[in-house]
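Printed here is structure05.pdb (PDB, C-alpha atoms, pLDDT in the B column):
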```
ATOM      1  CA  MET N   1       2.429 -14.732  -4.300  1.00 43.00           C
ATOM      2  CA  GLU N   2       4.469 -16.320  -1.556  1.00 40.00           C
ATOM      3  CA  GLY N   3       1.402 -17.520   0.283  1.00 43.00           C
ATOM      4  CA  ALA N   4      -0.059 -14.044   0.835  1.00 48.00           C
ATOM      5  CA  SER N   5      -2.731 -12.338  -1.207  1.00 49.00           C
ATOM      6  CA  PHE N   6      -4.193  -9.010  -0.124  1.00 48.00           C
ATOM      7  CA  GLY N   7      -2.870  -9.266   3.405  1.00 49.00           C
ATOM      8  CA  ALA N   8      -3.980 -12.808   4.176  1.00 47.00           C
ATOM      9  CA  GLY N   9      -1.973 -15.915   4.747  1.00 48.00           C
ATOM     10  CA  ARG N  10      -2.536 -19.219   3.036  1.00 48.00           C
ATOM     11  CA  ALA N  11      -6.192 -20.033   2.539  1.00 46.00           C
ATOM     12  CA  GLY N  12      -7.629 -22.552   4.947  1.00 49.00           C
ATOM     13  CA  GLY N  13      -5.345 -21.594   7.817  1.00 53.00           C
ATOM     14  CA  ALA N  14      -6.567 -22.186  11.353  1.00 58.00           C
ATOM     15  CA  ILE N  15      -8.116 -19.247  13.210  1.00 64.00           C
ATOM     16  CA  ASP N  16      -6.514 -18.387  16.540  1.00 67.00           C
ATOM     17  CA  PRO N  17      -9.083 -16.414  18.577  1.00 69.00           C
ATOM     18  CA  VAL N  18      -6.466 -14.985  20.932  1.00 74.00           C
ATOM     19  CA  ASP N  19      -4.239 -13.685  18.147  1.00 76.00           C
ATOM     20  CA  PHE N  20      -7.286 -12.390  16.283  1.00 72.00           C
ATOM     21  CA  LEU N  21      -8.490 -10.370  19.269  1.00 76.00           C
ATOM     22  CA  LYS N  22      -5.009  -8.915  19.745  1.00 77.00           C
ATOM     23  CA  GLN N  23      -4.846  -7.557  16.211  1.00 80.00           C
ATOM     24  CA  PRO N  24      -5.045  -3.736  15.966  1.00 79.00           C
ATOM     25  CA  GLN N  25      -7.874  -3.795  13.436  1.00 80.00           C
ATOM     26  CA  THR N  26      -9.960  -5.978  15.752  1.00 83.00           C
ATOM     27  CA  LEU N  27      -9.519  -3.529  18.616  1.00 84.00           C
ATOM     28  CA  LEU N  28     -10.517  -0.676  16.330  1.00 85.00           C
ATOM     29  CA  ARG N  29     -13.621  -2.577  15.228  1.00 87.00           C
ATOM     30  CA  VAL N  30     -14.667  -3.050  18.830  1.00 89.00           C
ATOM     31  CA  THR N  31     -13.989   0.621  19.594  1.00 90.00           C
ATOM     32  CA  THR N  32     -16.113   1.869  16.705  1.00 90.00           C
ATOM     33  CA  TRP N  33     -18.842  -0.562  17.726  1.00 91.00           C
ATOM     34  CA  ILE N  34     -18.887   0.833  21.274  1.00 94.00           C
ATOM     35  CA  PHE N  35     -18.864   4.444  20.058  1.00 94.00           C
ATOM     36  CA  SER N  36     -21.844   3.799  17.796  1.00 94.00           C
ATOM     37  CA  ILE N  37     -23.789   2.354  20.738  1.00 95.00           C
ATOM     38  CA  VAL N  38     -22.980   5.404  22.849  1.00 95.00           C
ATOM     39  CA  VAL N  39     -24.190   7.820  20.160  1.00 95.00           C
ATOM     40  CA  PHE N  40     -27.514   6.280  19.157  1.00 94.00           C
ATOM     41  CA  GLY N  41     -28.157   4.976  22.683  1.00 94.00           C
ATOM     42  CA  SER N  42     -27.718   8.422  24.225  1.00 93.00           C
ATOM     43  CA  ILE N  43     -30.012  10.045  21.656  1.00 94.00           C
ATOM     44  CA  ILE N  44     -32.765   7.436  21.979  1.00 94.00           C
ATOM     45  CA  ASN N  45     -32.766   7.255  25.756  1.00 92.00           C
ATOM     46  CA  GLU N  46     -32.156  10.838  26.901  1.00 89.00           C
ATOM     47  CA  CYS N  47     -32.333  13.266  23.968  1.00 90.00           C
ATOM     48  CA  TYR N  48     -36.122  13.140  23.656  1.00 90.00           C
ATOM     49  CA  VAL N  49     -37.410  15.226  26.564  1.00 87.00           C
ATOM     50  CA  ASN N  50     -40.268  17.489  27.557  1.00 83.00           C
ATOM     51  CA  LYS N  51     -39.500  21.134  26.978  1.00 74.00           C
ATOM     52  CA  ASP N  52     -41.372  22.143  30.126  1.00 70.00           C
ATOM     53  CA  SER N  53     -44.434  21.230  32.103  1.00 66.00           C
ATOM     54  CA  GLN N  54     -46.700  23.005  29.635  1.00 71.00           C
ATOM     55  CA  HIS N  55     -45.471  20.872  26.699  1.00 69.00           C
ATOM     56  CA  PRO N  56     -45.952  17.170  27.523  1.00 75.00           C
ATOM     57  CA  GLU N  57     -44.879  15.928  24.077  1.00 82.00           C
ATOM     58  CA  LEU N  58     -41.333  14.659  23.644  1.00 86.00           C
ATOM     59  CA  LEU N  59     -39.070  16.903  21.595  1.00 88.00           C
ATOM     60  CA  CYS N  60     -35.581  16.418  20.219  1.00 91.00           C
ATOM     61  CA  ILE N  61     -33.136  18.215  22.467  1.00 91.00           C
ATOM     62  CA  PHE N  62     -31.097  19.479  19.502  1.00 93.00           C
ATOM     63  CA  ASN N  63     -32.970  22.731  18.892  1.00 89.00           C
ATOM     64  CA  GLU N  64     -36.213  20.751  18.711  1.00 88.00           C
ATOM     65  CA  ASN N  65     -35.031  19.501  15.311  1.00 91.00           C
ATOM     66  CA  GLU N  66     -36.291  15.983  14.760  1.00 92.00           C
ATOM     67  CA  SER N  67     -33.965  15.571  11.777  1.00 94.00           C
ATOM     68  CA  ALA N  68     -30.888  15.977  14.000  1.00 94.00           C
ATOM     69  CA  CYS N  69     -31.907  13.172  16.339  1.00 94.00           C
ATOM     70  CA  SER N  70     -33.014  10.923  13.489  1.00 95.00           C
ATOM     71  CA  TYR N  71     -29.755  11.417  11.608  1.00 96.00           C
ATOM     72  CA  GLY N  72     -27.639  10.678  14.676  1.00 95.00           C
ATOM     73  CA  ILE N  73     -29.604   7.502  15.364  1.00 96.00           C
ATOM     74  CA  ALA N  74     -29.407   6.367  11.728  1.00 96.00           C
ATOM     75  CA  VAL N  75     -25.635   6.821  11.499  1.00 96.00           C
ATOM     76  CA  GLY N  76     -25.134   5.040  14.807  1.00 95.00           C
ATOM     77  CA  VAL N  77     -27.243   2.062  13.727  1.00 96.00           C
ATOM     78  CA  ILE N  78     -25.460   1.816  10.355  1.00 96.00           C
ATOM     79  CA  ALA N  79     -22.088   1.888  12.079  1.00 95.00           C
ATOM     80  CA  PHE N  80     -23.253  -0.706  14.623  1.00 95.00           C
ATOM     81  CA  PHE N  81     -24.276  -3.305  12.035  1.00 95.00           C
ATOM     82  CA  GLY N  82     -21.350  -2.408   9.766  1.00 92.00           C
ATOM     83  CA  CYS N  83     -18.916  -3.173  12.565  1.00 91.00           C
ATOM     84  CA  ILE N  84     -20.516  -6.569  13.135  1.00 91.00           C
ATOM     85  CA  PHE N  85     -20.413  -7.426   9.428  1.00 92.00           C
ATOM     86  CA  PHE N  86     -16.748  -6.515   8.925  1.00 88.00           C
ATOM     87  CA  PHE N  87     -15.806  -8.139  12.208  1.00 86.00           C
ATOM     88  CA  VAL N  88     -17.091 -11.416  10.754  1.00 86.00           C
ATOM     89  CA  VAL N  89     -15.287 -10.692   7.458  1.00 86.00           C
ATOM     90  CA  ASP N  90     -12.002 -10.191   9.321  1.00 83.00           C
ATOM     91  CA  LEU N  91     -12.588 -13.389  11.259  1.00 82.00           C
ATOM     92  CA  TYR N  92     -13.065 -15.539   8.143  1.00 80.00           C
ATOM     93  CA  PHE N  93     -10.712 -13.637   5.853  1.00 78.00           C
ATOM     94  CA  GLN N  94      -8.111 -16.401   6.142  1.00 74.00           C
ATOM     95  CA  GLN N  95     -10.634 -18.897   4.782  1.00 78.00           C
ATOM     96  CA  ILE N  96     -11.177 -16.995   1.519  1.00 76.00           C
ATOM     97  CA  SER N  97      -9.215 -18.857  -1.166  1.00 75.00           C
ATOM     98  CA  SER N  98     -10.077 -16.652  -4.142  1.00 77.00           C
ATOM     99  CA  VAL N  99      -7.821 -13.660  -4.718  1.00 78.00           C
ATOM    100  CA  LYS N 100     -10.692 -11.829  -6.417  1.00 81.00           C
ATOM    101  CA  ASP N 101     -12.939 -12.322  -3.390  1.00 82.00           C
ATOM    102  CA  ARG N 102     -10.206 -11.027  -1.112  1.00 82.00           C
ATOM    103  CA  LYS N 103      -9.801  -8.005  -3.346  1.00 83.00           C
ATOM    104  CA  ARG N 104     -13.522  -7.299  -3.191  1.00 84.00           C
ATOM    105  CA  ALA N 105     -13.512  -7.614   0.609  1.00 84.00           C
ATOM    106  CA  VAL N 106     -10.596  -5.206   0.951  1.00 86.00           C
ATOM    107  CA  LEU N 107     -12.102  -2.622  -1.384  1.00 87.00           C
ATOM    108  CA  LEU N 108     -15.508  -2.917   0.294  1.00 89.00           C
ATOM    109  CA  ASP N 109     -13.937  -2.439   3.707  1.00 89.00           C
ATOM    110  CA  LEU N 110     -11.948   0.557   2.517  1.00 89.00           C
ATOM    111  CA  GLY N 111     -14.966   2.171   0.870  1.00 90.00           C
ATOM    112  CA  PHE N 112     -17.247   1.552   3.852  1.00 92.00           C
ATOM    113  CA  SER N 113     -14.704   3.017   6.282  1.00 91.00           C
ATOM    114  CA  GLY N 114     -14.419   6.184   4.215  1.00 91.00           C
ATOM    115  CA  PHE N 115     -18.201   6.403   3.860  1.00 94.00           C
ATOM    116  CA  LEU N 116     -18.757   6.062   7.621  1.00 94.00           C
ATOM    117  CA  ALA N 117     -16.057   8.623   8.362  1.00 94.00           C
ATOM    118  CA  PHE N 118     -17.913  11.076   6.125  1.00 96.00           C
ATOM    119  CA  LEU N 119     -21.267  10.301   7.761  1.00 96.00           C
ATOM    120  CA  TRP N 120     -19.811  10.832  11.217  1.00 96.00           C
ATOM    121  CA  PHE N 121     -18.290  14.124  10.109  1.00 97.00           C
ATOM    122  CA  VAL N 122     -21.688  15.320   8.920  1.00 96.00           C
ATOM    123  CA  ALA N 123     -23.301  14.066  12.131  1.00 96.00           C
ATOM    124  CA  PHE N 124     -20.792  15.927  14.297  1.00 96.00           C
ATOM    125  CA  CYS N 125     -21.254  19.187  12.411  1.00 96.00           C
ATOM    126  CA  PHE N 126     -25.038  18.830  12.330  1.00 96.00           C
ATOM    127  CA  LEU N 127     -25.460  17.980  16.013  1.00 95.00           C
ATOM    128  CA  ALA N 128     -22.951  20.590  17.180  1.00 95.00           C
ATOM    129  CA  ASN N 129     -24.623  23.301  15.123  1.00 95.00           C
ATOM    130  CA  GLN N 130     -28.096  22.445  16.418  1.00 94.00           C
ATOM    131  CA  TRP N 131     -26.838  22.209  19.978  1.00 93.00           C
ATOM    132  CA  GLN N 132     -25.405  25.730  19.790  1.00 92.00           C
ATOM    133  CA  ARG N 133     -28.822  27.017  18.757  1.00 91.00           C
ATOM    134  CA  THR N 134     -30.633  25.174  21.533  1.00 87.00           C
ATOM    135  CA  THR N 135     -32.166  27.200  24.328  1.00 84.00           C
ATOM    136  CA  LEU N 136     -31.774  25.207  27.513  1.00 81.00           C
ATOM    137  CA  THR N 137     -34.945  25.013  29.484  1.00 79.00           C
ATOM    138  CA  ARG N 138     -35.541  23.073  32.645  1.00 80.00           C
ATOM    139  CA  GLY N 139     -36.631  20.049  30.700  1.00 76.00           C
ATOM    140  CA  PHE N 140     -33.806  20.211  28.179  1.00 81.00           C
ATOM    141  CA  SER N 141     -31.220  20.491  30.945  1.00 84.00           C
ATOM    142  CA  GLN N 142     -31.966  16.904  31.938  1.00 84.00           C
ATOM    143  CA  GLY N 143     -30.653  15.579  28.642  1.00 86.00           C
ATOM    144  CA  ALA N 144     -27.753  18.001  28.189  1.00 90.00           C
ATOM    145  CA  ASP N 145     -25.094  15.478  29.219  1.00 92.00           C
ATOM    146  CA  ALA N 146     -26.423  12.896  26.759  1.00 92.00           C
ATOM    147  CA  ALA N 147     -26.415  15.479  23.960  1.00 93.00           C
ATOM    148  CA  ARG N 148     -22.807  16.432  24.705  1.00 93.00           C
ATOM    149  CA  ALA N 149     -21.835  12.758  24.812  1.00 94.00           C
ATOM    150  CA  ALA N 150     -23.413  12.154  21.402  1.00 95.00           C
ATOM    151  CA  ILE N 151     -21.537  15.107  19.917  1.00 95.00           C
ATOM    152  CA  THR N 152     -18.225  14.103  21.520  1.00 95.00           C
ATOM    153  CA  PHE N 153     -18.351  10.466  20.415  1.00 95.00           C
ATOM    154  CA  SER N 154     -19.435  11.529  16.943  1.00 95.00           C
ATOM    155  CA  PHE N 155     -16.190  13.464  16.673  1.00 95.00           C
ATOM    156  CA  PHE N 156     -14.127  10.568  18.005  1.00 94.00           C
ATOM    157  CA  SER N 157     -15.868   8.221  15.562  1.00 94.00           C
ATOM    158  CA  ILE N 158     -14.475  10.230  12.638  1.00 94.00           C
ATOM    159  CA  ILE N 159     -10.913   9.596  13.806  1.00 92.00           C
ATOM    160  CA  ILE N 160     -11.540   5.965  14.674  1.00 90.00           C
ATOM    161  CA  TRP N 161     -13.149   5.112  11.322  1.00 90.00           C
ATOM    162  CA  VAL N 162     -10.341   6.787   9.379  1.00 88.00           C
ATOM    163  CA  ARG N 163      -7.815   4.938  11.504  1.00 83.00           C
ATOM    164  CA  ALA N 164      -9.726   1.667  11.121  1.00 78.00           C
ATOM    165  CA  GLY N 165      -9.659   1.963   7.336  1.00 73.00           C
ATOM    166  CA  GLN N 166      -5.931   2.611   7.307  1.00 74.00           C
ATOM    167  CA  GLN N 167      -5.077  -0.071   9.840  1.00 65.00           C
ATOM    168  CA  SER N 168      -7.087  -2.884   8.282  1.00 56.00           C
ATOM    169  CA  ASN N 169      -6.570  -2.158   4.579  1.00 52.00           C
ATOM    170  CA  LEU N 170      -3.222  -0.419   4.116  1.00 50.00           C
ATOM    171  CA  PRO N 171      -1.094  -3.515   4.881  1.00 52.00           C
ATOM    172  CA  ARG N 172      -3.256  -5.586   2.536  1.00 53.00           C
ATOM    173  CA  VAL N 173      -2.991  -3.038  -0.246  1.00 54.00           C
ATOM    174  CA  VAL N 174       0.804  -2.838   0.146  1.00 55.00           C
ATOM    175  CA  LEU N 175       1.115  -6.616  -0.044  1.00 55.00           C
ATOM    176  CA  ALA N 176      -1.187  -6.658  -3.051  1.00 54.00           C
ATOM    177  CA  LEU N 177       0.994  -4.121  -4.873  1.00 57.00           C
ATOM    178  CA  ARG N 178       4.094  -6.160  -4.094  1.00 61.00           C
ATOM    179  CA  ALA N 179       2.423  -9.312  -5.370  1.00 57.00           C
ATOM    180  CA  LEU N 180       1.390  -7.474  -8.538  1.00 57.00           C
ATOM    181  CA  GLN N 181       4.971  -6.347  -9.097  1.00 65.00           C
ATOM    182  CA  ARG N 182       6.240  -9.905  -8.684  1.00 65.00           C
ATOM    183  CA  TYR N 183       3.570 -11.132 -11.098  1.00 58.00           C
ATOM    184  CA  ARG N 184       4.545  -8.553 -13.724  1.00 64.00           C
ATOM    185  CA  LEU N 185       8.216  -9.383 -13.288  1.00 69.00           C
ATOM    186  CA  GLY N 186       7.498 -13.071 -13.822  1.00 61.00           C
ATOM    187  CA  THR N 187       5.424 -12.276 -16.913  1.00 56.00           C
ATOM    188  CA  ASP N 188       8.232 -10.191 -18.400  1.00 54.00           C
ATOM    189  CA  MET N 189      10.731 -13.001 -17.828  1.00 54.00           C
ATOM    190  CA  SER N 190       8.451 -15.546 -19.506  1.00 54.00           C
ATOM    191  CA  LEU N 191       8.046 -13.262 -22.530  1.00 50.00           C
ATOM    192  CA  PHE N 192      11.805 -12.881 -22.724  1.00 47.00           C
ATOM    193  CA  ALA N 193      12.195 -16.639 -22.775  1.00 50.00           C
ATOM    194  CA  THR N 194       9.604 -17.164 -25.490  1.00 52.00           C
ATOM    195  CA  GLU N 195      11.326 -14.644 -27.773  1.00 51.00           C
ATOM    196  CA  GLN N 196      14.209 -17.094 -28.207  1.00 50.00           C
ATOM    197  CA  PHE N 197      11.979 -19.392 -30.277  1.00 48.00           C
ATOM    198  CA  GLY N 198       9.689 -18.820 -33.229  1.00 50.00           C
ATOM    199  CA  THR N 199       6.061 -18.163 -32.593  1.00 51.00           C
ATOM    200  CA  GLU N 200       4.866 -19.977 -35.777  1.00 53.00           C
ATOM    201  CA  PRO N 201       3.757 -23.596 -35.359  1.00 53.00           C
ATOM    202  CA  SER N 202       5.886 -24.679 -38.358  1.00 56.00           C
ATOM    203  CA  ALA N 203       9.019 -22.937 -37.149  1.00 53.00           C
ATOM    204  CA  SER N 204      11.913 -25.327 -36.561  1.00 53.00           C
ATOM    205  CA  TYR N 205      14.260 -25.350 -33.620  1.00 52.00           C
ATOM    206  CA  PRO N 206      17.828 -24.190 -34.138  1.00 54.00           C
ATOM    207  CA  GLY N 207      20.117 -26.854 -35.566  1.00 53.00           C
ATOM    208  CA  TYR N 208      22.718 -28.630 -33.537  1.00 50.00           C
ATOM    209  CA  PRO N 209      26.193 -27.302 -34.368  1.00 53.00           C
ATOM    210  CA  GLY N 210      28.738 -29.643 -35.925  1.00 51.00           C
ATOM    211  CA  GLY N 211      32.257 -30.278 -34.780  1.00 51.00           C
ATOM    212  CA  SER N 212      33.625 -27.254 -36.574  1.00 52.00           C
ATOM    213  CA  GLY N 213      31.133 -25.000 -34.882  1.00 52.00           C
ATOM    214  CA  VAL N 214      29.369 -24.296 -38.201  1.00 54.00           C
ATOM    215  CA  GLU N 215      25.909 -25.672 -38.785  1.00 52.00           C
ATOM    216  CA  SER N 216      25.826 -28.109 -41.706  1.00 52.00           C
ATOM    217  CA  THR N 217      23.414 -27.314 -44.533  1.00 54.00           C
ATOM    218  CA  GLU N 218      23.743 -30.666 -46.303  1.00 54.00           C
ATOM    219  CA  THR N 219      20.580 -32.656 -46.699  1.00 54.00           C
ATOM    220  CA  TYR N 220      20.141 -36.288 -45.864  1.00 52.00           C
ATOM    221  CA  GLN N 221      21.583 -38.666 -48.488  1.00 57.00           C
ATOM    222  CA  SER N 222      20.725 -42.231 -49.291  1.00 55.00           C
ATOM    223  CA  PRO N 223      22.990 -45.023 -47.982  1.00 56.00           C
ATOM    224  CA  PRO N 224      25.879 -46.139 -50.198  1.00 57.00           C
ATOM    225  CA  PHE N 225      24.267 -49.513 -50.897  1.00 53.00           C
ATOM    226  CA  THR N 226      21.871 -48.687 -53.686  1.00 52.00           C
ATOM    227  CA  GLU N 227      21.417 -52.206 -55.098  1.00 53.00           C
ATOM    228  CA  THR N 228      17.887 -53.436 -55.121  1.00 52.00           C
ATOM    229  CA  LEU N 229      17.312 -56.367 -52.896  1.00 53.00           C
ATOM    230  CA  GLU N 230      15.648 -59.367 -54.493  1.00 55.00           C
ATOM    231  CA  PRO N 231      12.508 -60.622 -52.787  1.00 56.00           C
ATOM    232  CA  ASN N 232      13.771 -64.237 -52.947  1.00 56.00           C
ATOM    233  CA  PRO N 233      17.553 -64.594 -52.841  1.00 55.00           C
ATOM    234  CA  LYS N 234      19.116 -67.262 -55.045  1.00 56.00           C
ATOM    235  CA  GLY N 235      19.445 -70.671 -53.487  1.00 59.00           C
ATOM    236  CA  TYR N 236      16.606 -70.154 -51.054  1.00 54.00           C
ATOM    237  CA  GLN N 237      13.222 -71.696 -51.563  1.00 61.00           C
ATOM    238  CA  VAL N 238      10.107 -71.021 -49.613  1.00 58.00           C
ATOM    239  CA  PRO N 239       9.049 -74.247 -47.890  1.00 62.00           C
ATOM    240  CA  ALA N 240       5.606 -75.533 -48.770  1.00 65.00           C
ATOM    241  CA  TYR N 241       3.381 -76.603 -45.885  1.00 56.00           C
TER     242      TYR N 241
END
```
Encoded form using structure tokens:
Amino acid sequence: MEGASFGAGRAGGAIDPVDFLKQPQTLLRVTTWIFSIVVFGSIINECYVNKDSQHPELLCIFNENESACSYGIAVGVIAFFGCIFFFVVDLYFQQISSVKDRKRAVLLDLGFSGFLAFLWFVAFCFLANQWQRTTLTRGFSQGADAARAAITFSFFSIIIWVRAGQQSNLPRVVLALRALQRYRLGTDMSLFATEQFGTEPSASYPGYPGGSGVESTETYQSPPFTETLEPNPKGYQVPAY
């Protein structure tokens, strides 16, 4: 496959940290990681507030809906650990020698990116809808900026995760399709070559043409000297020891 399988170079290649950090997919990983921290960090720290002085218990700022805050935190935490996991996968991708393992890594990355993009889309719609229904009191006004930040970065996370999936997997998929085409072409050529010979084990190879260009069909004949040879020629005696 010309040294490349699913977007990676030859297995066992040295890892250059500087070149790795400059890769677009690495920058996108870091960006999604930061966005996830902003979302669940804002909700945990500032989106649980007291409605007013008469209600000392902490309430979720998103229309007092605990499910909205819990969902935002859950998606942020999943994205946080997912970014770390696939960051490590990208770092050691060059060390994976098995083409099947590389294929699994690419498909897992592609599926996880699409799954997170969907979760962030739901989070954005859910938080924005609950925020529109929220009645701002004096207590809720303290966490309004954090709520808006969570909604804003949830929207940006949709774009970033879609972009991350395309950036990190599309080149690998294209190279994989090219490698598959080369493999199929080589298989077709080998089948074409094998058709020139018989497939049966007892099949003989084509005969070598004679001088006239016509293959001879004559069978092998015995030599012209057909006399039987005597075991002891006349005049010769076996010496006795």
Checklist entry - Can you list what the PyMOL selection byres ((chain N and resi 37-41) around 8) grabs from this structure, as a PyMOL selection string? => result chain N and resi 33-36+42-45+72-77+80+149-151+153-154
Can you tell me, as AutoDock Vina command-line options, the centre and edge lengths (Å, one decimal) of the axis-aligned box enclosing all of stretch 149-164 of chain N's listed atoms after padding each side by 4 Å?
```
--center_x -15.6 --center_y 8.4 --center_z 17.1 --size_x 23.6 --size_y 21.4 --size_z 23.4
```
Next on the checklist: For the provided coordinates, the residues matched by the PyMOL selection byres ((chain N and resi 135-143) around 12) should be stated as a PyMOL selection string.
Outcome noted: chain N and resi 42-64+130-134+144-150
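For the atom pair formed by atom CA of N:Leu119 and atom CA of N:Ala164, the distance is 14.8 Å, given to one decimal.
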Item to check | Length of the atom CA of N:Val88 to atom CA of N:Phe124 vector [Å] | outcome: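 Computing it gives 27.8 Å between the two atoms.
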Checklist entry - At most 12 Å from (-12.7, 10.8, 14.6), file frame, all atoms listed in the file: which residues, as a ChimeraX atom specification? => result /N:28,31-32,35-36,113-114,116-124,151-165
Residues within 10 Å of N:Val89, please, as a PDB file with C-alpha atoms, in the frame of the given file. Count all atoms listed in the file; anything in the same chain fewer than 4 positions from it doesn't count.
```pdb
ATOM      1  CA  CYS N  83     -18.916  -3.173  12.565  1.00 91.00           C
ATOM      2  CA  ILE N  84     -20.516  -6.569  13.135  1.00 91.00           C
ATOM      3  CA  PHE N  85     -20.413  -7.426   9.428  1.00 92.00           C
ATOM      4  CA  PHE N  93     -10.712 -13.637   5.853  1.00 78.00           C
ATOM      5  CA  GLN N  94      -8.111 -16.401   6.142  1.00 74.00           C
ATOM      6  CA  GLN N  95     -10.634 -18.897   4.782  1.00 78.00           C
ATOM      7  CA  ILE N  96     -11.177 -16.995   1.519  1.00 76.00           C
ATOM      8  CA  ARG N 102     -10.206 -11.027  -1.112  1.00 82.00           C
ATOM      9  CA  ALA N 105     -13.512  -7.614   0.609  1.00 84.00           C
ATOM     10  CA  VAL N 106     -10.596  -5.206   0.951  1.00 86.00           C
ATOM     11  CA  ASP N 109     -13.937  -2.439   3.707  1.00 89.00           C
TER      12      ASP N 109
END
```
Next on the checklist: One number please: atom CA of N:Ala79 to atom CA of N:Phe20, in Å, one decimal.
Outcome noted: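 Taking atom CA of N:Ala79 as the start and atom CA of N:Phe20 as the end point, the length is 21.0 Å.
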